[in-house]
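Raw final-v1.cif, mmCIF, C-alpha atoms:
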```
data_upload
loop_
_atom_site.label_atom_id
_atom_site.label_comp_id
_atom_site.auth_asym_id
_atom_site.auth_seq_id
_atom_site.Cartn_x
_atom_site.Cartn_y
_atom_site.Cartn_z
CA MET A 8 15.69 -7.31 -9.92
CA LYS A 9 12.81 -4.92 -10.45
CA ASN A 10 10.90 -7.56 -12.45
CA THR A 11 11.36 -10.03 -9.59
CA ILE A 12 9.91 -7.50 -7.14
CA LYS A 13 7.00 -6.78 -9.48
CA LEU A 14 6.20 -10.50 -9.83
CA GLU A 15 6.45 -10.97 -6.07
CA GLU A 16 4.09 -8.06 -5.45
CA LEU A 17 1.65 -9.36 -8.08
CA GLY A 18 1.59 -12.69 -6.27
CA LEU A 19 0.98 -10.98 -2.92
CA LEU A 20 -1.72 -8.76 -4.44
CA LEU A 21 -3.50 -11.89 -5.66
CA LEU A 22 -2.99 -13.65 -2.31
CA PHE A 23 -4.48 -10.84 -0.22
CA SER A 24 -7.33 -10.34 -2.68
CA ILE A 25 -8.12 -14.07 -2.63
CA LEU A 26 -8.09 -14.04 1.17
CA TYR A 27 -10.49 -11.09 1.15
CA PHE A 28 -12.93 -12.61 -1.32
CA ASN A 29 -12.80 -16.28 -0.29
CA PHE A 30 -12.30 -16.32 3.46
CA TYR A 31 -14.22 -13.16 4.33
CA ASN A 32 -16.83 -13.27 1.55
CA GLY A 33 -15.91 -9.72 0.64
CA SER A 34 -17.90 -7.72 -1.87
CA TRP A 35 -16.46 -6.09 -4.97
CA ALA A 36 -18.18 -2.80 -4.13
CA PHE A 37 -16.47 -2.58 -0.73
CA TYR A 38 -13.13 -3.68 -2.18
CA LEU A 39 -13.20 -1.09 -4.96
CA ALA A 40 -14.50 1.63 -2.63
CA LEU A 41 -11.54 1.16 -0.26
CA PHE A 42 -8.76 0.08 -2.64
CA PHE A 43 -7.44 3.59 -3.34
CA VAL A 44 -8.29 5.13 0.05
CA PRO A 45 -4.62 4.97 1.19
CA ASP A 46 -3.77 7.36 -1.64
CA ILE A 47 -5.88 10.04 0.02
CA SER A 48 -2.82 10.41 2.25
CA PHE A 49 -1.37 12.47 -0.62
CA LEU A 50 -3.59 15.32 0.60
CA SER A 51 -1.34 15.66 3.63
CA TYR A 52 1.22 17.11 1.21
CA LEU A 53 -0.81 20.32 1.59
CA ILE A 54 0.43 20.50 5.20
CA ASN A 55 4.11 19.93 4.43
CA LYS A 56 6.47 17.38 2.90
CA LYS A 57 7.56 15.81 6.20
CA VAL A 58 4.00 15.21 7.42
CA ALA A 59 3.03 13.90 3.98
CA THR A 60 5.91 11.43 4.00
CA ILE A 61 5.00 10.12 7.46
CA ILE A 62 1.29 9.77 6.71
CA TYR A 63 1.84 8.27 3.25
CA ASN A 64 4.32 5.72 4.63
CA PHE A 65 1.99 4.82 7.51
CA PHE A 66 -0.90 3.98 5.17
CA HIS A 67 1.36 2.08 2.75
CA HIS A 68 3.54 0.19 5.24
CA LYS A 69 3.01 -3.54 5.03
CA GLY A 70 3.91 -4.02 8.69
CA VAL A 71 1.13 -1.65 9.73
CA MET A 72 -1.35 -3.40 7.45
CA ALA A 73 -0.27 -6.82 8.73
CA ALA A 74 -0.92 -5.56 12.27
CA VAL A 75 -4.40 -4.36 11.23
CA ILE A 76 -5.18 -7.78 9.73
CA LEU A 77 -3.95 -9.55 12.87
CA ILE A 78 -5.91 -7.21 15.17
CA GLY A 79 -9.06 -7.94 13.17
CA PHE A 80 -8.35 -11.66 13.37
CA TYR A 81 -7.59 -11.51 17.11
CA LEU A 82 -10.74 -9.47 17.85
CA ASN A 83 -12.77 -11.70 15.53
CA ASN A 84 -13.77 -8.53 13.67
CA ASP A 85 -14.18 -9.23 9.95
CA LEU A 86 -14.49 -5.54 9.05
CA ILE A 87 -11.06 -4.70 10.47
CA SER A 88 -9.53 -7.73 8.76
CA LYS A 89 -11.15 -6.82 5.44
CA VAL A 90 -9.85 -3.25 5.59
CA GLY A 91 -6.36 -4.55 6.42
CA LEU A 92 -6.46 -7.00 3.50
CA ILE A 93 -7.65 -4.32 1.07
CA PHE A 94 -5.01 -1.83 2.20
CA MET A 95 -2.35 -4.57 2.04
CA ALA A 96 -3.46 -5.42 -1.51
CA HIS A 97 -3.21 -1.71 -2.35
CA SER A 98 0.35 -1.55 -1.01
CA CYS A 99 1.26 -4.58 -3.14
CA PHE A 100 -0.31 -2.92 -6.17
CA ASP A 101 1.71 0.25 -5.56
CA ARG A 102 4.96 -1.73 -5.20
CA MET A 103 4.11 -3.66 -8.37
CA MET A 104 3.75 -0.32 -10.17
CA GLY A 105 7.11 0.84 -8.80
CA TYR A 106 5.89 3.11 -5.99
CA GLY A 107 7.62 2.54 -2.68
CA LEU A 108 7.76 4.12 0.73
CA LYS A 109 8.90 7.74 0.58
CA TYR A 110 12.11 9.31 1.84
CA PHE A 111 12.07 12.75 3.45
CA ASP A 112 14.40 14.41 0.95
CA ASN A 113 12.07 14.18 -2.05
CA PHE A 114 8.62 12.68 -2.59
CA ASP A 115 9.95 11.06 -5.80
CA HIS A 116 12.64 9.23 -3.78
CA THR A 117 11.31 5.85 -2.65
CA HIS A 118 12.80 2.71 -1.16
CA LEU A 119 12.41 1.14 -4.61
CA GLY A 120 14.24 3.96 -6.38
CA TRP A 121 13.36 7.26 -7.97
CA ILE A 122 9.96 7.77 -9.64
CA GLY A 123 8.28 10.46 -11.69
CA LYS A 124 10.36 13.33 -13.06
CA SER A 125 13.33 12.16 -10.97
CA LYS A 126 13.36 8.66 -12.50
CA SER A 127 16.55 9.51 -14.43
CA LYS A 128 18.44 9.49 -11.08
CA ASN A 129 18.12 5.69 -10.91
CA ILE A 130 21.37 3.86 -11.52
CA ALA A 131 20.95 1.03 -14.00
#
```
Please go through the file and, once you have read it, give me the structure as structure tokens.
Amino acid sequence: MKNTIKLEELGLLLLFSILYFNFYNGSWAFYLALFFVPDISFLSYLINKKVATIIYNFFHHKGVMAAVILIGFYLNNDLISKVGLIFMAHSCFDRMMGYGLKYFDNFDHTHLGWIGKSKSKNIA
């Protein structure tokens, strides 16, 4: 199942990247500059684990990013749409790498399973 999810996310990563580059004439510099910006949400871990989980999940939630893309489209604002597409591509990349949305109990516990040092908790 995990390979199916990884292939699906790879396809979506390519789709959102193609939309960014072909329909919005996006630049590589802007794409690369923003691609890992959602991971800055890790800094909220300095506040506490609960806040970090909420902020991380907000910036990696595909529903939120879809809303950003649609708001940009509705407002005819290419910048908002481009940011939404880049952040959506980032979320797909993370899922492809096995990183999912976080649970409150442990930052290694994601909706796709356990990651990091806790990976051994996954049931085969």
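Going from CA of Lys57 in chain A over to CA of Asn113 in chain A, you cover 9.5 Å.
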* Distance of CA of Lys13 in chain A from CA of Asp115 in chain A, expressed in Å to one decimal place -> 18.5 Å
* I need the residue set behind the PyMOL selection byres ((chain A and resi 82-86) around 12) for this file; please write it as a PyMOL selection string. => chain A and resi 26-28+30-34+37-38+41+74-81+87-93
Store the residues picked out above in a file with C-alpha atoms, as an mmCIF file, in the coordinates of the input.
```cif
data_model
loop_
_atom_site.group_PDB
_atom_site.id
_atom_site.type_symbol
_atom_site.label_atom_id
_atom_site.label_comp_id
_atom_site.auth_asym_id
_atom_site.auth_seq_id
_atom_site.Cartn_x
_atom_site.Cartn_y
_atom_site.Cartn_z
ATOM 1 C CA LEU A 26 -8.090 -14.040 1.170
ATOM 2 C CA TYR A 27 -10.490 -11.090 1.150
ATOM 3 C CA PHE A 28 -12.930 -12.610 -1.320
ATOM 4 C CA PHE A 30 -12.300 -16.320 3.460
ATOM 5 C CA TYR A 31 -14.220 -13.160 4.330
ATOM 6 C CA ASN A 32 -16.830 -13.270 1.550
ATOM 7 C CA GLY A 33 -15.910 -9.720 0.640
ATOM 8 C CA SER A 34 -17.900 -7.720 -1.870
ATOM 9 C CA PHE A 37 -16.470 -2.580 -0.730
ATOM 10 C CA TYR A 38 -13.130 -3.680 -2.180
ATOM 11 C CA LEU A 41 -11.540 1.160 -0.260
ATOM 12 C CA ALA A 74 -0.920 -5.560 12.270
ATOM 13 C CA VAL A 75 -4.400 -4.360 11.230
ATOM 14 C CA ILE A 76 -5.180 -7.780 9.730
ATOM 15 C CA LEU A 77 -3.950 -9.550 12.870
ATOM 16 C CA ILE A 78 -5.910 -7.210 15.170
ATOM 17 C CA GLY A 79 -9.060 -7.940 13.170
ATOM 18 C CA PHE A 80 -8.350 -11.660 13.370
ATOM 19 C CA TYR A 81 -7.590 -11.510 17.110
ATOM 20 C CA ILE A 87 -11.060 -4.700 10.470
ATOM 21 C CA SER A 88 -9.530 -7.730 8.760
ATOM 22 C CA LYS A 89 -11.150 -6.820 5.440
ATOM 23 C CA VAL A 90 -9.850 -3.250 5.590
ATOM 24 C CA GLY A 91 -6.360 -4.550 6.420
ATOM 25 C CA LEU A 92 -6.460 -7.000 3.500
ATOM 26 C CA ILE A 93 -7.650 -4.320 1.070
#
```
* Atom pair CA of Phe114 in chain A / CA of Ile12 in chain A: separation (Å) -> 20.7 Å
* To do: Apply the PyMOL selection byres ((chain A and resi 49) around 12) to the file shown and report the selected residues as a list of chain:residue names.
  =>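 Applying the expression gives A:Phe43, A:Val44, A:Pro45, A:Asp46, A:Ile47, A:Ser48, A:Leu50, A:Ser51, A:Tyr52, A:Leu53, A:Ile54, A:Asn55, A:Lys56, A:Lys57, A:Val58, A:Ala59, A:Thr60, A:Ile61, A:Ile62, A:Tyr63, A:Asn64, A:Phe65, A:Phe66, A:His67, A:Lys109, A:Phe114.
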* Structure fact -> Nearest to Met95 in chain A, restricted to only C-alpha atoms and choosing among A:Val71, A:Leu14, A:Leu108, A:Trp121, comes out as A:Val71
* To do: Between A:Leu21, A:Phe111, A:Phe42, A:Trp35, single out the one closest to Phe94 in chain A, counting all atoms listed in the file.
  => A:Phe42
Listed atoms of range 96-114 of chain A boxed axis-aligned with 3 Å per side, centre + edges as JSON:
```
{"center_x": 5.5, "center_y": 4.5, "center_z": -3.4, "size_x": 23.9, "size_y": 25.8, "size_z": 19.6}
```
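Proximity ranking of A:Ile130, A:Met103, A:Asp112, A:Thr117 relative to Leu20 in chain A places A:Met103 first, based on all atoms listed in the file.
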* Could you tell me which of A:Lys128, A:Lys69, A:Ile25, A:Ala36 comes closest to Asp101 in chain A if we count only C-alpha atoms? =>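 For Asp101 in chain A, the nearest of the given residues is A:Lys69.
Between Ile122 in chain A and the residues A:Leu17, A:Gly105, A:Asn10, A:Asn29, the shortest atom-to-atom distance, using all atoms listed in the file, involves A:Gly105.
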* **From A:Ser125, A:Thr11, A:His118, A:Ala73, residue lying nearest Ala96 in chain A [all atoms listed in the file]** =>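 For Ala96 in chain A, the nearest of the given residues is A:Ala73.
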* Can you list, as a list in words, every protein, DNA or RNA residue that comes within 7 Å of Glu16 in chain A when you count all atoms listed in the file, leaving out same-chain residues fewer than 6 positions away? ->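 Here the qualifying residues turn out to be Cys99, Phe100, Arg102 and Met103 of chain A.
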Okay, now the selection with C-alpha atoms, as a PDB file, keeping the file's coordinate frame?
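The file below, result.pdb, is the result:
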```pdb
ATOM      1  CA  CYS A  99       1.260  -4.580  -3.140  1.00  0.00           C
ATOM      2  CA  PHE A 100      -0.310  -2.920  -6.170  1.00  0.00           C
ATOM      3  CA  ARG A 102       4.960  -1.730  -5.200  1.00  0.00           C
ATOM      4  CA  MET A 103       4.110  -3.660  -8.370  1.00  0.00           C
TER       5      MET A 103
END
```
As a PDB file, in the coordinates of the input, please: range 79-115 of chain A completed to N, CA and C atoms.
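As a result, rebuild_8.pdb now contains:
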```
ATOM      1  N   GLY A  79      -7.720  -7.508  13.580  1.00  0.00           N
ATOM      2  CA  GLY A  79      -9.060  -7.940  13.170  1.00  0.00           C
ATOM      3  C   GLY A  79      -9.274  -9.415  13.433  1.00  0.00           C
ATOM      4  N   PHE A  80      -8.267 -10.225  13.126  1.00  0.00           N
ATOM      5  CA  PHE A  80      -8.350 -11.660  13.370  1.00  0.00           C
ATOM      6  C   PHE A  80      -8.460 -11.953  14.861  1.00  0.00           C
ATOM      7  N   TYR A  81      -7.610 -11.295  15.658  1.00  0.00           N
ATOM      8  CA  TYR A  81      -7.590 -11.510  17.110  1.00  0.00           C
ATOM      9  C   TYR A  81      -8.924 -11.088  17.750  1.00  0.00           C
ATOM     10  N   LEU A  82      -9.470  -9.964  17.291  1.00  0.00           N
ATOM     11  CA  LEU A  82     -10.740  -9.470  17.850  1.00  0.00           C
ATOM     12  C   LEU A  82     -11.952 -10.133  17.213  1.00  0.00           C
ATOM     13  N   ASN A  83     -11.685 -11.037  16.268  1.00  0.00           N
ATOM     14  CA  ASN A  83     -12.770 -11.700  15.530  1.00  0.00           C
ATOM     15  C   ASN A  83     -13.675 -10.647  14.861  1.00  0.00           C
ATOM     16  N   ASN A  84     -13.057  -9.623  14.315  1.00  0.00           N
ATOM     17  CA  ASN A  84     -13.770  -8.530  13.670  1.00  0.00           C
ATOM     18  C   ASN A  84     -13.453  -8.567  12.178  1.00  0.00           C
ATOM     19  N   ASP A  85     -14.395  -9.079  11.390  1.00  0.00           N
ATOM     20  CA  ASP A  85     -14.180  -9.230   9.950  1.00  0.00           C
ATOM     21  C   ASP A  85     -13.962  -7.892   9.251  1.00  0.00           C
ATOM     22  N   LEU A  86     -14.629  -6.846   9.697  1.00  0.00           N
ATOM     23  CA  LEU A  86     -14.490  -5.540   9.050  1.00  0.00           C
ATOM     24  C   LEU A  86     -13.046  -5.038   9.124  1.00  0.00           C
ATOM     25  N   ILE A  87     -12.446  -5.136  10.309  1.00  0.00           N
ATOM     26  CA  ILE A  87     -11.060  -4.700  10.470  1.00  0.00           C
ATOM     27  C   ILE A  87     -10.132  -5.547   9.599  1.00  0.00           C
ATOM     28  N   SER A  88     -10.350  -6.847   9.591  1.00  0.00           N
ATOM     29  CA  SER A  88      -9.530  -7.730   8.760  1.00  0.00           C
ATOM     30  C   SER A  88      -9.683  -7.401   7.288  1.00  0.00           C
ATOM     31  N   LYS A  89     -10.905  -7.148   6.845  1.00  0.00           N
ATOM     32  CA  LYS A  89     -11.150  -6.820   5.440  1.00  0.00           C
ATOM     33  C   LYS A  89     -10.445  -5.528   5.044  1.00  0.00           C
ATOM     34  N   VAL A  90     -10.525  -4.510   5.885  1.00  0.00           N
ATOM     35  CA  VAL A  90      -9.850  -3.250   5.590  1.00  0.00           C
ATOM     36  C   VAL A  90      -8.343  -3.473   5.513  1.00  0.00           C
ATOM     37  N   GLY A  91      -7.794  -4.239   6.441  1.00  0.00           N
ATOM     38  CA  GLY A  91      -6.360  -4.550   6.420  1.00  0.00           C
ATOM     39  C   GLY A  91      -5.960  -5.281   5.148  1.00  0.00           C
ATOM     40  N   LEU A  92      -6.772  -6.246   4.720  1.00  0.00           N
ATOM     41  CA  LEU A  92      -6.460  -7.000   3.500  1.00  0.00           C
ATOM     42  C   LEU A  92      -6.533  -6.104   2.264  1.00  0.00           C
ATOM     43  N   ILE A  93      -7.517  -5.227   2.217  1.00  0.00           N
ATOM     44  CA  ILE A  93      -7.650  -4.320   1.070  1.00  0.00           C
ATOM     45  C   ILE A  93      -6.477  -3.350   1.026  1.00  0.00           C
ATOM     46  N   PHE A  94      -6.135  -2.772   2.164  1.00  0.00           N
ATOM     47  CA  PHE A  94      -5.010  -1.830   2.200  1.00  0.00           C
ATOM     48  C   PHE A  94      -3.685  -2.556   1.902  1.00  0.00           C
ATOM     49  N   MET A  95      -3.548  -3.792   2.353  1.00  0.00           N
ATOM     50  CA  MET A  95      -2.350  -4.570   2.040  1.00  0.00           C
ATOM     51  C   MET A  95      -2.286  -4.838   0.538  1.00  0.00           C
ATOM     52  N   ALA A  96      -3.417  -5.198  -0.062  1.00  0.00           N
ATOM     53  CA  ALA A  96      -3.460  -5.420  -1.510  1.00  0.00           C
ATOM     54  C   ALA A  96      -3.083  -4.135  -2.241  1.00  0.00           C
ATOM     55  N   HIS A  97      -3.550  -3.002  -1.736  1.00  0.00           N
ATOM     56  CA  HIS A  97      -3.210  -1.710  -2.350  1.00  0.00           C
ATOM     57  C   HIS A  97      -1.700  -1.471  -2.281  1.00  0.00           C
ATOM     58  N   SER A  98      -1.087  -1.743  -1.146  1.00  0.00           N
ATOM     59  CA  SER A  98       0.350  -1.550  -1.010  1.00  0.00           C
ATOM     60  C   SER A  98       1.114  -2.455  -1.990  1.00  0.00           C
ATOM     61  N   CYS A  99       0.637  -3.672  -2.165  1.00  0.00           N
ATOM     62  CA  CYS A  99       1.260  -4.580  -3.140  1.00  0.00           C
ATOM     63  C   CYS A  99       1.105  -4.039  -4.553  1.00  0.00           C
ATOM     64  N   PHE A 100      -0.063  -3.507  -4.853  1.00  0.00           N
ATOM     65  CA  PHE A 100      -0.310  -2.920  -6.170  1.00  0.00           C
ATOM     66  C   PHE A 100       0.652  -1.751  -6.416  1.00  0.00           C
ATOM     67  N   ASP A 101       0.798  -0.878  -5.425  1.00  0.00           N
ATOM     68  CA  ASP A 101       1.710   0.250  -5.560  1.00  0.00           C
ATOM     69  C   ASP A 101       3.143  -0.218  -5.804  1.00  0.00           C
ATOM     70  N   ARG A 102       3.596  -1.224  -5.037  1.00  0.00           N
ATOM     71  CA  ARG A 102       4.960  -1.730  -5.200  1.00  0.00           C
ATOM     72  C   ARG A 102       5.122  -2.353  -6.596  1.00  0.00           C
ATOM     73  N   MET A 103       4.075  -3.057  -7.044  1.00  0.00           N
ATOM     74  CA  MET A 103       4.110  -3.660  -8.370  1.00  0.00           C
ATOM     75  C   MET A 103       4.264  -2.587  -9.457  1.00  0.00           C
ATOM     76  N   MET A 104       3.673  -1.423  -9.215  1.00  0.00           N
ATOM     77  CA  MET A 104       3.750  -0.320 -10.170  1.00  0.00           C
ATOM     78  C   MET A 104       5.021   0.511 -10.000  1.00  0.00           C
ATOM     79  N   GLY A 105       5.839   0.159  -8.992  1.00  0.00           N
ATOM     80  CA  GLY A 105       7.110   0.840  -8.800  1.00  0.00           C
ATOM     81  C   GLY A 105       7.113   1.918  -7.738  1.00  0.00           C
ATOM     82  N   TYR A 106       5.986   2.084  -7.037  1.00  0.00           N
ATOM     83  CA  TYR A 106       5.890   3.110  -5.990  1.00  0.00           C
ATOM     84  C   TYR A 106       6.221   2.498  -4.644  1.00  0.00           C
ATOM     85  N   GLY A 107       7.219   3.050  -3.980  1.00  0.00           N
ATOM     86  CA  GLY A 107       7.620   2.540  -2.680  1.00  0.00           C
ATOM     87  C   GLY A 107       7.369   3.545  -1.582  1.00  0.00           C
ATOM     88  N   LEU A 108       7.846   3.209  -0.404  1.00  0.00           N
ATOM     89  CA  LEU A 108       7.760   4.120   0.730  1.00  0.00           C
ATOM     90  C   LEU A 108       8.653   5.327   0.452  1.00  0.00           C
ATOM     91  N   LYS A 109       8.229   6.482   0.924  1.00  0.00           N
ATOM     92  CA  LYS A 109       8.900   7.740   0.580  1.00  0.00           C
ATOM     93  C   LYS A 109      10.028   8.068   1.555  1.00  0.00           C
ATOM     94  N   TYR A 110      11.068   8.723   1.010  1.00  0.00           N
ATOM     95  CA  TYR A 110      12.110   9.310   1.840  1.00  0.00           C
ATOM     96  C   TYR A 110      11.779  10.776   2.068  1.00  0.00           C
ATOM     97  N   PHE A 111      12.371  11.360   3.096  1.00  0.00           N
ATOM     98  CA  PHE A 111      12.070  12.750   3.450  1.00  0.00           C
ATOM     99  C   PHE A 111      12.667  13.772   2.493  1.00  0.00           C
ATOM    100  N   ASP A 112      13.724  13.418   1.791  1.00  0.00           N
ATOM    101  CA  ASP A 112      14.400  14.410   0.950  1.00  0.00           C
ATOM    102  C   ASP A 112      13.584  14.829  -0.267  1.00  0.00           C
ATOM    103  N   ASN A 113      12.817  13.885  -0.831  1.00  0.00           N
ATOM    104  CA  ASN A 113      12.070  14.180  -2.050  1.00  0.00           C
ATOM    105  C   ASN A 113      10.964  13.151  -2.182  1.00  0.00           C
ATOM    106  N   PHE A 114       9.758  13.597  -2.505  1.00  0.00           N
ATOM    107  CA  PHE A 114       8.620  12.680  -2.590  1.00  0.00           C
ATOM    108  C   PHE A 114       8.789  11.680  -3.730  1.00  0.00           C
ATOM    109  N   ASP A 115       9.663  11.982  -4.704  1.00  0.00           N
ATOM    110  CA  ASP A 115       9.950  11.060  -5.800  1.00  0.00           C
ATOM    111  C   ASP A 115      10.982  10.007  -5.408  1.00  0.00           C
TER     112      ASP A 115
END
```
